[in-house]
Structures are given as C-alpha cells and as structure tokens.
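Peer 1: Next up is a structure, given as structure tokens.
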Amino acid sequence: MTKKKKILTIILWICLILICPLALIALLIVATRTKNKKVKIASWCGIGVILVLPIIAVVVFVYDMTPVLYTDFENYEAYKQDLKTSPAQGEAVDVFLPEAEELGDYEDVELYVLRLSKSYDADLSLNLIVTYPEDVYRTAKGELSKRTEYVSEPVVYGENRVVSFLQYECQYRGFDIKIVKNEFFSYCGYFGLLGFNDETGQIAWMFYRNSANTSLMDDPWEEWLDAYFRFDDTE
C-alpha cells in the first residue's frame, strides 16, 4: 500500500469511527424533535445514508484489497507494460524480462502475474516459468549464468542505510533463487530474481514492483515468496 493510500485509508476510518456516529446522533435528535415535516424527512434520509455508508466503504475496501492472479501467457507483453509505471521501471523491465520470442525451444511456459490489490499502483509481481528439454535447459542456464550478476551481500539504501534484504538467495519449491544485481534496478522499489530448477529443467524469471518502496525481507524468504509470488494457480 502506498503512503498516499495509507493516508486516505486512515482518513476514511476516522470518518467512519468518529464523524459518522456524531452526525448520526445529531440527525436523530433533529428527526425526533423537529416538527417541520421536510426537515424530519431530510433527517431520516441522512440517517439512512450514514447507516449504509460504512457498509459500502467496507465492501469497497475489501474488494480493492483482494489480490488478483492472471495466468494467460498470451498477454505476457501487456503485463510487462503494467510493470512500467515510470521510465526507470520501464528500463529495468526491458533489460531483465525476456521477449516471448526469445524464450527458445521450450516444452512449456507458465505465467503468474499477482496484483496485491486492484489499485493501479499496487504491489505487482510477475513470475515467468519456462520448462526446457534437458539439453536446452543446460545451455540456457549456462548462457544466463555467464551474463548475470547476483546480489552477494545485504542490500542497503537511503541516507539512513536501511537494509532491504537480509537474505539474497534461497531454495524454494525446488528452485535455486537469487536476487539479480543490475544497475537498472532500484532496491527495493523494483528488481528481478532468477530461479533454476535442475530437476525439472525450469527457469523462472521473477520481477517484483514494491509500490511503497519500503524495506523488504523482514520475514524469512519463504514467507516473502509465499506472499508476493505464485508458482501455480492453486494458491
């Protein structure tokens, strides 16, 4: 959740918890004491609106905060564009994520795009998992390994030297996953990870956009990956 959205959410709850009850009491007093028919009707209408407003607000809030998962690979390029909310992010996406026609001779391809809420600027992750024949996998892994650098120490940023990542590699669901080191990435605002599964011959290109641009990895890697990435559509 972005800072702006957090502020708006706080204001909303202040209105619901403090202002609405006070307004409801005032309108009840007016509705029960006034002898003016028009004022009485208007007061009861206002009471009805105030009673319905919290229900609508909660429904909208819950709906907006519900994660959405997309798995249609035919729209892969469109989802890449969704990650590009700034020119800098656009460069990072273009440098890291492969074009669909660059994937080579694969056996299967899976795409999991997870939007943490329905807002335009919500946290967003993309996980492209490509399965290759054994010989093609070995070649593709070797070529990627030659041209890819990985983060090898905790990432810190800002004047206060905030630690973004206490960990930078792990084993997860059979994948050896590492954070990619790239001059176009902004840790921890947006960055990529690479995962290799030697048993299944799969390569995972993983890109994450953190809308709040705050420190990550306070939790263990497994919990962070569970929260922000998908590796199948059953979760």
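Here's how to read the names in the structure tokens: chain A, B, ... by the order shown, residue numbers from 1 in each chain, ligand numbers from 1 in the order shown.
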Counting only C-alpha atoms, what is within 12 Å of A:Ala100, bar same-chain residues fewer than 5 positions away, as an NGL selection string?
Peer 2: :A and (73-80 or 94 or 105-106 or 109-111 or 128-130)
Peer 1: Pick out the residues sitting within 12 Å of A:Leu126, and hand them over as JSON, numbers by chain; count only C-alpha atoms, and ignore anything fewer than 3 positions along from it in its own chain.
Peer 2: {"A": [68, 69, 70, 71, 72, 73, 76, 77, 78, 79, 80, 81, 82, 83, 93, 96, 97, 110, 111, 112, 113, 114, 115, 116, 123, 129, 190, 191, 192, 193, 194, 204, 205, 206, 207, 208, 209, 210, 225, 228, 229, 230, 231]}
Peer 1: What is the atom CA of A:Thr139-atom CA of A:Asn197 distance in Å, reported with one decimal?
Peer 2: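 So the answer is 13.6 Å.
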Peer 1: Out of stretch 136-203 of chain A, which residues get strand (DSSP E or B) from DSSP, as an NGL selection string?
Peer 2: :A and (149-150 or 155-157 or 162-165 or 169-172 or 175-181 or 186 or 190-197 or 202-203)
